[in-house]
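Here is the file start.cif (mmCIF, C-alpha atoms and all ligand atoms).
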```
data_protein
loop_
_atom_site.label_atom_id
_atom_site.label_comp_id
_atom_site.auth_asym_id
_atom_site.auth_seq_id
_atom_site.Cartn_x
_atom_site.Cartn_y
_atom_site.Cartn_z
CA MET D 1153 -12.88 8.56 48.73
CA LEU D 1154 -14.23 6.93 45.56
CA ASP D 1155 -12.03 5.16 43.07
CA LEU D 1156 -12.19 6.56 39.57
CA GLU D 1157 -14.22 3.73 38.03
CA THR D 1158 -16.87 3.88 40.76
CA ALA D 1159 -17.07 7.66 40.49
CA LEU D 1160 -17.44 7.45 36.72
CA ALA D 1161 -20.06 4.70 36.87
CA ARG D 1162 -22.13 6.67 39.41
CA LEU D 1163 -21.91 9.80 37.39
CA LEU D 1164 -22.89 8.14 34.11
CA GLU D 1165 -25.79 6.33 35.78
CA SER D 1166 -27.30 9.58 37.01
CA LEU D 1167 -27.47 11.17 33.57
CA PRO D 1168 -30.87 11.37 31.89
CA PRO D 1169 -31.60 9.46 28.68
CA PRO D 1170 -30.44 11.46 25.65
CA LYS D 1171 -32.92 13.80 23.99
CA ALA D 1172 -33.14 13.41 20.25
CA GLU D 1173 -33.42 16.08 17.60
CA ARG D 1174 -33.51 15.80 13.84
CA VAL D 1175 -30.72 17.43 11.86
CA PRO D 1176 -29.72 17.43 8.20
CA LEU D 1177 -27.22 14.63 7.54
CA THR D 1178 -24.79 17.24 6.19
CA ALA D 1179 -24.76 18.98 9.58
CA SER D 1180 -24.38 15.81 11.64
CA ALA D 1181 -20.59 15.30 11.82
CA GLY D 1182 -19.49 14.65 15.38
CA ARG D 1183 -23.03 13.97 16.62
CA PHE D 1184 -24.30 10.68 18.04
CA LEU D 1185 -27.09 8.71 16.45
CA ALA D 1186 -30.32 8.44 18.39
CA GLU D 1187 -31.64 5.68 16.12
CA LYS D 1188 -30.48 2.64 14.23
CA ILE D 1189 -30.60 3.26 10.50
CA CYS D 1190 -31.24 0.48 8.00
CA SER D 1191 -30.60 0.93 4.32
CA PRO D 1192 -33.67 1.82 2.26
CA LEU D 1193 -31.96 0.48 -0.87
CA ASP D 1194 -29.28 -1.78 -2.30
CA ILE D 1195 -25.87 -0.29 -3.02
CA PRO D 1196 -25.02 -0.47 -5.85
CA SER D 1197 -28.68 -0.26 -6.73
CA PHE D 1198 -28.02 -1.66 -10.25
CA ASP D 1199 -25.24 -3.73 -11.83
CA ASN D 1200 -22.69 -1.30 -13.22
CA SER D 1201 -19.23 -1.09 -14.71
CA ALA D 1202 -16.19 -0.78 -12.44
CA MET D 1203 -14.05 0.44 -15.35
CA ASP D 1204 -13.97 2.51 -18.47
CA GLY D 1205 -14.19 -0.24 -21.08
CA TYR D 1206 -16.58 -2.46 -23.02
CA ALA D 1207 -19.54 -4.43 -21.69
CA VAL D 1208 -19.54 -7.88 -23.29
CA ARG D 1209 -20.87 -11.38 -23.00
CA ALA D 1210 -18.00 -13.37 -21.52
CA THR D 1211 -18.77 -16.24 -23.91
CA ASP D 1212 -18.22 -13.89 -26.90
CA VAL D 1213 -14.64 -13.10 -25.92
CA ARG D 1214 -13.58 -16.52 -24.66
CA GLY D 1215 -10.02 -17.21 -25.80
CA ALA D 1216 -9.23 -13.58 -26.78
CA ARG D 1217 -5.45 -12.94 -26.59
CA ALA D 1218 -3.07 -10.25 -27.75
CA VAL D 1219 -2.05 -12.57 -30.60
CA SER D 1220 -5.60 -13.67 -31.43
CA PRO D 1221 -7.97 -10.79 -30.67
CA ILE D 1222 -11.73 -11.11 -31.08
CA ALA D 1223 -13.65 -8.38 -32.90
CA LEU D 1224 -17.04 -7.14 -31.60
CA LYS D 1225 -19.45 -4.53 -32.92
CA ILE D 1226 -19.94 -1.41 -30.75
CA ALA D 1227 -23.72 -1.29 -30.48
CA ALA D 1228 -24.12 1.41 -27.84
CA LYS D 1229 -22.32 4.02 -25.80
CA ILE D 1230 -23.46 4.27 -22.17
CA PRO D 1231 -22.14 7.07 -19.96
CA ALA D 1232 -22.61 6.93 -16.17
CA GLY D 1233 -26.11 8.17 -15.38
CA GLU D 1234 -27.77 6.81 -18.53
CA MET D 1235 -29.67 3.63 -19.13
CA PHE D 1236 -29.43 1.60 -22.36
CA LYS D 1237 -32.97 0.54 -23.24
CA GLY D 1238 -32.06 -2.23 -25.66
CA GLU D 1239 -30.42 -5.57 -25.14
CA LEU D 1240 -26.90 -6.54 -26.16
CA LEU D 1241 -26.96 -9.20 -28.87
CA ALA D 1242 -24.37 -11.91 -29.41
CA GLY D 1243 -21.28 -10.41 -31.08
CA ASP D 1244 -22.08 -6.91 -29.81
CA CYS D 1245 -20.52 -4.88 -27.07
CA ALA D 1246 -21.28 -1.51 -25.48
CA ARG D 1247 -18.86 1.27 -24.74
CA VAL D 1248 -19.26 1.87 -20.96
CA PHE D 1249 -17.76 4.27 -18.47
CA THR D 1250 -17.15 3.71 -14.76
CA GLY D 1251 -20.52 3.66 -12.98
CA ALA D 1252 -22.54 3.13 -16.17
CA PRO D 1253 -25.43 0.65 -15.82
CA LEU D 1254 -24.61 -2.64 -17.50
CA PRO D 1255 -26.81 -3.20 -20.58
CA ARG D 1256 -29.13 -6.19 -20.55
CA GLY D 1257 -27.48 -9.15 -22.23
CA SER D 1258 -23.96 -8.31 -21.06
CA ASP D 1259 -22.32 -9.90 -18.04
CA SER D 1260 -18.71 -8.66 -17.95
CA VAL D 1261 -16.56 -5.64 -18.77
CA VAL D 1262 -13.26 -5.69 -20.64
CA MET D 1263 -11.12 -2.77 -19.65
CA GLN D 1264 -10.29 -0.18 -22.24
CA GLU D 1265 -6.55 -0.91 -21.94
CA ASP D 1266 -7.15 -4.43 -23.38
CA THR D 1267 -8.91 -3.17 -26.51
CA LEU D 1268 -8.37 -1.29 -29.75
CA VAL D 1269 -11.06 0.56 -31.70
CA VAL D 1270 -11.08 -0.08 -35.45
CA GLY D 1271 -13.93 1.90 -37.02
CA GLU D 1272 -17.31 0.50 -35.84
CA ARG D 1273 -15.58 -2.50 -34.35
CA ILE D 1274 -13.40 -3.14 -31.42
CA LEU D 1275 -10.62 -5.65 -30.99
CA ILE D 1276 -10.58 -7.39 -27.64
CA PHE D 1277 -7.14 -8.64 -26.56
CA ASP D 1278 -8.09 -10.36 -23.32
CA GLU D 1279 -10.88 -12.69 -22.37
CA ALA D 1280 -13.24 -11.79 -19.53
CA VAL D 1281 -13.96 -13.96 -16.53
CA LEU D 1282 -17.73 -14.00 -16.08
CA GLY D 1283 -18.66 -10.93 -14.02
CA GLU D 1284 -15.24 -9.32 -14.35
CA ASN D 1285 -15.19 -5.56 -13.69
CA VAL D 1286 -18.88 -5.56 -12.81
CA ARG D 1287 -20.15 -4.08 -9.57
CA ARG D 1288 -23.15 -6.19 -8.66
CA GLN D 1289 -26.37 -4.75 -7.30
CA GLY D 1290 -26.36 -5.04 -3.48
CA GLU D 1291 -22.77 -6.26 -3.22
CA ASP D 1292 -21.86 -3.42 -0.84
CA VAL D 1293 -25.13 -2.90 1.05
CA ARG D 1294 -28.39 -4.85 0.93
CA GLN D 1295 -31.69 -3.10 1.40
CA GLY D 1296 -32.61 -3.51 5.10
CA ASP D 1297 -28.99 -3.92 6.31
CA ALA D 1298 -28.20 -2.02 9.52
CA LEU D 1299 -25.84 0.79 8.52
CA VAL D 1300 -25.31 2.44 11.91
CA GLU D 1301 -26.52 1.76 15.44
CA ALA D 1302 -27.88 4.19 18.01
CA GLY D 1303 -25.02 5.68 20.03
CA GLU D 1304 -22.46 5.57 17.23
CA ASP D 1305 -20.63 8.74 16.36
CA LEU D 1306 -21.17 10.25 12.96
CA SER D 1307 -17.77 10.36 11.34
CA PRO D 1308 -17.43 11.86 7.85
CA TRP D 1309 -17.00 8.33 6.45
CA LYS D 1310 -20.20 7.02 8.07
CA ILE D 1311 -21.97 10.12 6.80
CA ALA D 1312 -20.84 9.14 3.28
CA LEU D 1313 -22.40 5.69 3.72
CA LEU D 1314 -25.71 7.20 4.86
CA ALA D 1315 -25.65 9.83 2.12
CA ALA D 1316 -25.20 7.08 -0.48
CA THR D 1317 -28.46 5.51 0.66
CA GLY D 1318 -30.31 8.80 0.21
CA VAL D 1319 -30.73 9.57 3.91
CA CYS D 1320 -30.96 13.33 4.28
CA GLU D 1321 -32.13 13.89 7.85
CA ILE D 1322 -31.35 11.87 10.97
CA ALA D 1323 -32.13 11.80 14.68
CA VAL D 1324 -29.13 12.58 16.89
CA GLY D 1325 -28.68 13.31 20.59
CA ARG D 1326 -29.11 16.96 21.47
CA ARG D 1327 -25.91 18.76 22.47
CA PRO D 1328 -25.76 19.95 26.07
CA ASP D 1329 -25.32 23.64 26.86
CA VAL D 1330 -22.33 23.69 29.17
CA ALA D 1331 -21.67 26.72 31.38
CA LEU D 1332 -18.04 27.34 32.27
CA VAL D 1333 -17.51 29.19 35.53
CA ALA D 1334 -14.02 29.96 36.89
CA THR D 1335 -13.75 30.95 40.55
CA GLY D 1336 -10.81 32.66 42.26
CA SER D 1337 -10.28 36.23 43.43
CA GLU D 1338 -6.72 36.08 42.07
CA LEU D 1339 -7.89 35.50 38.49
CA ARG D 1340 -7.73 38.21 35.83
CA GLU D 1341 -9.05 38.31 32.31
CA ALA D 1342 -6.42 38.34 29.55
CA GLY D 1343 -5.84 41.83 28.20
CA LEU D 1344 -6.03 43.50 31.61
CA PRO D 1345 -2.87 44.42 33.54
CA LEU D 1346 -2.03 42.13 36.46
CA GLN D 1347 -1.95 43.55 39.97
CA PRO D 1348 0.53 42.01 42.41
CA GLY D 1349 -0.61 38.52 43.39
CA GLN D 1350 -2.96 38.12 40.45
CA ILE D 1351 -2.68 35.57 37.62
CA TYR D 1352 -4.27 35.29 34.21
CA GLU D 1353 -7.17 32.89 34.09
CA SER D 1354 -6.43 29.98 31.76
CA ASN D 1355 -8.82 27.13 32.56
CA ARG D 1356 -11.82 28.45 30.66
CA ALA D 1357 -9.62 28.95 27.59
CA MET D 1358 -8.67 25.25 27.77
CA LEU D 1359 -12.01 23.80 28.83
CA SER D 1360 -14.10 25.66 26.31
CA PRO D 1361 -12.53 23.95 23.26
CA LEU D 1362 -12.38 20.64 25.14
CA ILE D 1363 -16.15 20.90 25.65
CA THR D 1364 -16.64 21.69 21.98
CA ARG D 1365 -14.53 18.69 20.98
CA CYS D 1366 -16.78 16.27 22.80
CA GLY D 1367 -19.96 17.83 21.47
CA GLY D 1368 -21.00 20.27 24.21
CA VAL D 1369 -21.86 23.90 23.54
CA PRO D 1370 -19.71 25.97 25.89
CA ASN D 1371 -20.98 29.16 27.43
CA VAL D 1372 -18.19 31.07 29.17
CA PHE D 1373 -19.24 33.01 32.28
CA PRO D 1374 -17.44 35.98 33.85
CA LEU D 1375 -14.85 35.34 36.56
CA VAL D 1376 -16.19 34.81 40.06
CA PRO D 1377 -14.43 36.15 43.15
CA ASP D 1378 -14.13 33.91 46.21
CA SER D 1379 -17.26 34.67 48.22
CA LEU D 1380 -20.32 32.56 48.95
CA GLU D 1381 -22.71 35.15 47.47
CA ALA D 1382 -20.77 35.68 44.25
CA THR D 1383 -20.37 31.92 43.77
CA ARG D 1384 -24.04 31.27 44.45
CA ASP D 1385 -25.15 34.03 42.05
CA ALA D 1386 -22.85 32.71 39.34
CA LEU D 1387 -24.06 29.13 39.79
CA GLN D 1388 -27.66 30.26 39.76
CA SER D 1389 -27.34 32.07 36.46
CA ALA D 1390 -25.22 29.24 35.03
CA PHE D 1391 -27.85 26.64 35.93
CA SER D 1392 -30.67 28.78 34.59
CA THR D 1393 -29.15 28.78 31.10
CA SER D 1394 -27.36 25.43 30.86
CA ASP D 1395 -27.77 21.67 31.13
CA ILE D 1396 -24.36 21.15 32.69
CA VAL D 1397 -22.26 23.52 34.77
CA VAL D 1398 -18.49 23.07 34.90
CA THR D 1399 -16.68 25.12 37.49
CA SER D 1400 -12.96 25.47 38.12
CA GLY D 1401 -11.41 26.19 41.50
CA GLY D 1402 -12.98 26.51 44.91
CA VAL D 1403 -13.61 22.80 45.57
CA SER D 1404 -10.82 22.09 48.06
CA VAL D 1405 -10.96 22.25 51.83
CA GLY D 1406 -9.90 25.89 52.32
CA GLU D 1407 -12.25 28.39 53.90
CA LEU D 1408 -12.23 30.32 50.61
CA ASP D 1409 -13.57 27.35 48.62
CA PHE D 1410 -17.25 28.07 48.09
CA VAL D 1411 -18.47 25.92 45.24
CA LYS D 1412 -19.93 23.09 47.36
CA ALA D 1413 -21.61 25.43 49.86
CA ALA D 1414 -23.00 27.66 47.10
CA PHE D 1415 -24.36 24.65 45.23
CA GLU D 1416 -26.04 23.25 48.35
CA SER D 1417 -27.56 26.64 49.12
CA LEU D 1418 -29.32 26.34 45.71
CA ARG D 1419 -30.67 22.94 46.85
CA GLY D 1420 -28.16 21.07 44.74
CA GLU D 1421 -27.47 17.48 45.80
CA LEU D 1422 -23.75 16.70 46.17
CA HIS D 1423 -23.10 13.13 45.04
CA PHE D 1424 -19.37 13.04 45.71
CA TRP D 1425 -16.47 15.44 46.05
CA LYS D 1426 -13.32 13.35 46.18
CA VAL D 1427 -11.87 10.85 43.73
CA ALA D 1428 -8.76 8.81 44.49
CA MET D 1429 -6.51 10.07 41.71
CA ARG D 1430 -3.65 12.45 41.13
CA PRO D 1431 -3.92 15.08 39.88
CA GLY D 1432 -7.45 15.98 40.81
CA LYS D 1433 -8.44 14.59 44.21
CA PRO D 1434 -11.04 17.30 44.85
CA PHE D 1435 -13.68 16.81 42.17
CA VAL D 1436 -17.33 17.60 42.79
CA PHE D 1437 -20.25 15.90 41.13
CA GLY D 1438 -23.72 17.10 41.98
CA ARG D 1439 -27.20 17.25 40.63
CA LEU D 1440 -29.80 19.98 40.59
CA GLY D 1441 -33.02 18.54 39.16
CA GLU D 1442 -32.10 17.31 35.69
CA LYS D 1443 -28.95 19.46 35.58
CA PHE D 1444 -25.45 18.57 36.68
CA LEU D 1445 -22.50 20.20 38.36
CA PHE D 1446 -18.92 19.18 37.67
CA GLY D 1447 -16.63 21.07 40.04
CA LEU D 1448 -13.05 20.80 38.82
CA PRO D 1449 -10.01 21.72 40.87
CA GLY D 1450 -8.44 25.05 39.87
CA ASN D 1451 -4.93 23.84 39.17
CA PRO D 1452 -4.79 23.69 35.37
CA VAL D 1453 -3.39 20.17 35.14
CA SER D 1454 -5.95 18.87 37.63
CA ALA D 1455 -8.74 20.59 35.71
CA PHE D 1456 -7.44 19.08 32.47
CA VAL D 1457 -7.11 15.51 33.75
CA THR D 1458 -10.42 15.44 35.65
CA PHE D 1459 -12.18 16.91 32.64
CA LEU D 1460 -10.82 14.19 30.36
CA LEU D 1461 -11.50 11.31 32.74
CA LEU D 1462 -14.80 12.36 34.30
CA VAL D 1463 -16.49 15.24 32.47
CA ARG D 1464 -15.79 14.26 28.86
CA PRO D 1465 -17.47 10.85 29.31
CA ALA D 1466 -20.49 12.55 30.87
CA ILE D 1467 -20.85 15.09 28.05
CA LEU D 1468 -20.59 12.25 25.53
CA ARG D 1469 -23.10 10.02 27.34
CA TRP D 1470 -25.50 12.97 27.77
CA GLN D 1471 -25.69 13.00 23.95
CA GLY D 1472 -26.22 9.24 23.84
CA ALA D 1473 -22.69 8.17 22.87
CA ASN D 1474 -22.05 4.48 23.43
CA LYS D 1475 -18.25 4.90 23.66
CA THR D 1476 -17.14 7.35 26.31
CA SER D 1477 -13.59 6.36 27.26
CA LEU D 1478 -10.52 8.09 25.89
CA PRO D 1479 -8.89 6.48 22.88
CA ALA D 1480 -5.91 4.37 23.98
CA HIS D 1481 -3.03 2.60 22.31
CA PRO D 1482 -0.06 0.49 23.44
CA GLY D 1483 3.41 1.93 23.93
CA VAL D 1484 6.76 1.00 25.48
CA LEU D 1485 8.33 3.02 28.27
CA GLY D 1486 11.52 4.79 27.23
CA GLU D 1487 12.35 5.58 30.86
CA ALA D 1488 11.30 4.28 34.28
CA LEU D 1489 8.30 6.03 35.86
CA SER D 1490 7.55 5.91 39.59
CA ASN D 1491 4.49 6.71 41.61
CA THR D 1492 5.51 6.84 45.28
CA GLY D 1493 2.11 8.13 46.40
CA ASP D 1494 -0.98 6.23 47.54
CA ARG D 1495 -3.27 7.39 44.72
CA ARG D 1496 -2.99 6.36 41.11
CA HIS D 1497 -1.16 9.03 39.13
CA PHE D 1498 -2.14 10.06 35.63
CA VAL D 1499 1.26 11.07 34.31
CA ARG D 1500 1.47 13.35 31.31
CA VAL D 1501 3.63 11.60 28.75
CA ARG D 1502 5.01 12.29 25.33
CA GLU D 1503 5.74 9.74 22.65
CA ASP D 1504 8.66 9.80 20.27
CA ALA D 1505 8.44 8.81 16.61
CA THR D 1506 9.24 5.16 17.43
CA GLY D 1507 6.38 4.85 19.94
CA LYS D 1508 8.63 5.10 23.05
CA VAL D 1509 6.89 6.81 25.95
CA PHE D 1510 8.55 9.38 28.23
CA SER D 1511 7.43 11.72 30.99
CA ALA D 1512 6.37 15.01 29.41
CA GLY D 1513 8.26 16.91 32.14
CA LYS D 1514 7.53 18.27 35.60
CA GLN D 1515 4.43 16.51 36.89
CA ALA D 1516 3.16 19.07 39.43
CA SER D 1517 -0.49 19.96 38.98
CA HIS D 1518 0.26 23.63 38.23
CA ALA D 1519 2.94 22.78 35.61
CA LEU D 1520 1.56 24.07 32.33
CA CYS D 1521 4.55 23.27 30.11
CA SER D 1522 4.48 19.49 30.61
CA MET D 1523 0.74 19.52 29.92
CA ALA D 1524 1.24 21.54 26.76
CA ALA D 1525 4.03 19.17 25.63
CA ALA D 1526 2.11 15.96 26.39
CA ASP D 1527 0.62 13.55 23.87
CA GLY D 1528 -1.23 11.42 26.39
CA LEU D 1529 -1.72 10.16 29.93
CA LEU D 1530 -0.32 7.09 31.61
CA ASP D 1531 -2.17 5.56 34.54
CA VAL D 1532 0.55 4.64 37.07
CA PRO D 1533 -0.81 2.64 40.05
CA PRO D 1534 0.02 3.69 43.64
CA ARG D 1535 3.46 2.76 45.04
CA THR D 1536 4.61 1.40 41.72
CA THR D 1537 7.64 1.77 39.54
CA LEU D 1538 7.20 0.93 35.88
CA ALA D 1539 10.57 -0.18 34.53
CA ILE D 1540 12.07 1.09 31.30
CA GLY D 1541 10.85 -1.17 28.49
CA SER D 1542 7.49 -1.93 30.17
CA SER D 1543 4.48 -2.27 27.90
CA VAL D 1544 2.00 0.45 28.74
CA THR D 1545 -1.32 1.85 27.54
CA VAL D 1546 -1.32 5.51 26.59
CA LEU D 1547 -4.60 7.37 26.88
CA ARG D 1548 -4.95 9.99 24.19
CA TRP D 1549 -7.19 12.98 23.83
CA ASN D 1550 -7.12 13.11 20.06
P1 LIG D 1601 -8.21 26.25 43.84
O1 LIG D 1601 -8.65 24.95 43.26
O2 LIG D 1601 -9.22 27.32 43.74
O3 LIG D 1601 -7.70 26.05 45.24
O4 LIG D 1601 -6.97 26.72 42.98
C1 LIG D 1601 -5.78 25.95 42.93
C2 LIG D 1601 -4.71 26.67 42.13
O5 LIG D 1601 -5.12 26.82 40.80
C3 LIG D 1601 -4.40 28.07 42.63
O6 LIG D 1601 -3.01 28.29 42.50
C4 LIG D 1601 -5.19 28.96 41.69
O7 LIG D 1601 -4.63 30.24 41.56
C5 LIG D 1601 -5.08 28.20 40.39
N1 LIG D 1601 -6.25 28.44 39.57
C6 LIG D 1601 -7.54 28.35 39.97
N2 LIG D 1601 -8.39 28.63 38.99
C7 LIG D 1601 -7.61 28.90 37.91
C8 LIG D 1601 -7.91 29.26 36.57
N3 LIG D 1601 -9.17 29.37 36.17
N4 LIG D 1601 -6.88 29.51 35.74
C9 LIG D 1601 -5.61 29.37 36.16
N5 LIG D 1601 -5.27 29.01 37.39
C10 LIG D 1601 -6.26 28.79 38.28
MG MG D 1602 -9.42 29.20 44.39
#
```

Can you dump the structure from the file as structure tokens?
Amino acid sequence: MLDLETALARLLESLPPPKAERVPLTASAGRFLAEKICSPLDIPSFDNSAMDGYAVRATDVRGARAVSPIALKIAAKIPAGEMFKGELLAGDCARVFTGAPLPRGSDSVVMQEDTLVVGERILIFDEAVLGENVRRQGEDVRQGDALVEAGEDLSPWKIALLAATGVCEIAVGRRPDVALVATGSELREAGLPLQPGQIYESNRAMLSPLITRCGGVPNVFPLVPDSLEATRDALQSAFSTSDIVVTSGGVSVGELDFVKAAFESLRGELHFWKVAMRPGKPFVFGRLGEKFLFGLPGNPVSAFVTFLLLVRPAILRWQGANKTSLPAHPGVLGEALSNTGDRRHFVRVREDATGKVFSAGKQASHALCSMAAADGLLDVPPRTTLAIGSSVTVLRWN
């Protein structure tokens, strides 16, 4: 049985290099860059005013005070977006607004609050340190600076940086089409009445948005009853339309678990089918040409945890993401947590407002309520009790 890190490393290694496509910058949020982007220009690209006020020569207003103001002539009015063609002469100033290009001859801006207009003249009540309230060309970004590296995610704030440099189209990793196939003869679609012994299918409803969140394009397939033929047919059509196939159920050792056999009958190569973790010991990873199978256990909590720890990283890496692990942050245990088993246990935990970490409830792998109540996962090693007050690392999914 593989440990989680080995399983993950093997799985990430087998993925193909990301395929790039060009998209408009405005449609790139959540995508991963396929190229490093360097700035084509300086930002700011010209010296400009950081304030509504008056552009001056600092030497002209040296010594200005509330009690001994200095009067200057207003020689120009420069709104943001306009250029003053002339040059500011000694004793002159220019009315400027935030973002307005600084006129030639000026070197500083006195803010409006430190001035008083008297006809054509203005009284300055405060002296200016040279360069005060001026945003210098290139002080934020220099032409040629690396703005983003390949593999970085495109957050709205990085998009703003790129937009400010005039970038309008960028190369990002293509999104994988991800087929979602749920197996189990007991499963019913929502909206239909349940017959005795049947349950409503819930894994596709959970996995589909989880796939979307990490950048995949989910394609939900109809339910598959437990037979070799039905499972093979479903896998065949799933593989014919998708880059990645995620199945739920049918990967354990029972004689009604057909995913592995059906996959092999399609000439799929099984790479591994057990990972030493709880929940989620049965977990299938296989390859069919350049396409990949992730066979998740059917128990909802097992499907959830294996998706987060093994499938999410793969979907991210498939798109070229350089960071694939779950976000994590430190916490302090508000109660003792024990793992008496011989596999590491990913315990669903909740956090209170003070950052104390507690079990989210019943930890069985079919227990939906504790999963729904959880904020994160805690990796508890085998045969270990973590005492109340221990420092821990909480893995989050958002
Ligand atoms: P399996 O992995 O097929 O042995 O299923 C393990 C448990 O999970 C069984 O109790 C199934 O009824 C349940 N289960 C399997 N697939 C789903 C699903 N898609 N939605 C909800 N429960 C499921
Ligand atoms: Mg089953």

Near D:Arg1273, within 12 Å and counting all atoms listed in the file, which residues show up once chain neighbours fewer than 3 positions away are dropped, as a PDB file with C-alpha atoms, in the coordinates of the input?
```pdb
ATOM      1  CA  TYR D1206     -16.580  -2.460 -23.020  1.00  0.00           C
ATOM      2  CA  PRO D1221      -7.970 -10.790 -30.670  1.00  0.00           C
ATOM      3  CA  ILE D1222     -11.730 -11.110 -31.080  1.00  0.00           C
ATOM      4  CA  ALA D1223     -13.650  -8.380 -32.900  1.00  0.00           C
ATOM      5  CA  LEU D1224     -17.040  -7.140 -31.600  1.00  0.00           C
ATOM      6  CA  LYS D1225     -19.450  -4.530 -32.920  1.00  0.00           C
ATOM      7  CA  ILE D1226     -19.940  -1.410 -30.750  1.00  0.00           C
ATOM      8  CA  ALA D1227     -23.720  -1.290 -30.480  1.00  0.00           C
ATOM      9  CA  ALA D1228     -24.120   1.410 -27.840  1.00  0.00           C
ATOM     10  CA  GLY D1243     -21.280 -10.410 -31.080  1.00  0.00           C
ATOM     11  CA  ASP D1244     -22.080  -6.910 -29.810  1.00  0.00           C
ATOM     12  CA  CYS D1245     -20.520  -4.880 -27.070  1.00  0.00           C
ATOM     13  CA  ALA D1246     -21.280  -1.510 -25.480  1.00  0.00           C
ATOM     14  CA  ARG D1247     -18.860   1.270 -24.740  1.00  0.00           C
ATOM     15  CA  THR D1267      -8.910  -3.170 -26.510  1.00  0.00           C
ATOM     16  CA  LEU D1268      -8.370  -1.290 -29.750  1.00  0.00           C
ATOM     17  CA  VAL D1269     -11.060   0.560 -31.700  1.00  0.00           C
ATOM     18  CA  VAL D1270     -11.080  -0.080 -35.450  1.00  0.00           C
ATOM     19  CA  ILE D1276     -10.580  -7.390 -27.640  1.00  0.00           C
TER      20      ILE D1276
END
```

At a cut-off of 7 Å and counting only C-alpha atoms and all ligand atoms, what residues surround ligand LIG 1601 (chain D)? Please answer as an NGL selection string. :D and (1334-1336 or 1338-1339 or 1351-1356 or 1400-1404 or 1409 or 1449-1452 or 1518)

List the spatial neighbours of D:Ala1414 as a PyMOL selection string - criterion: any atom at most 8 Å away, only C-alpha atoms, same-chain residues fewer than 4 positions off excluded. chain D and resi 1380-1381+1383-1384+1387+1410+1418

Extract, using only C-alpha atoms, all DNA, RNA and protein residues at most 12 Å from D:Asp1531, discarding same-chain residues fewer than 6 positions from it, and format them as an NGL selection string. :D and (1156 or 1429-1431 or 1457 or 1461 or 1480 or 1489-1491 or 1495-1501 or 1511 or 1537-1538 or 1544-1548)

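Atom to atom, atom CA of D:Val1453 and atom CA of D:Ala1516 stand 7.9 Å apart.
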
So how many Å separate atom CA of D:Ser1542 and atom CA of D:Gly1528, to one decimal? 16.4 Å

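With all atoms listed in the file as the atoms that count, the minimum distance from ligand MG 1602 (chain D) to the choices D:Val1463, D:Leu1241, D:Val1333, D:Ala1216 is reached by D:Val1333.
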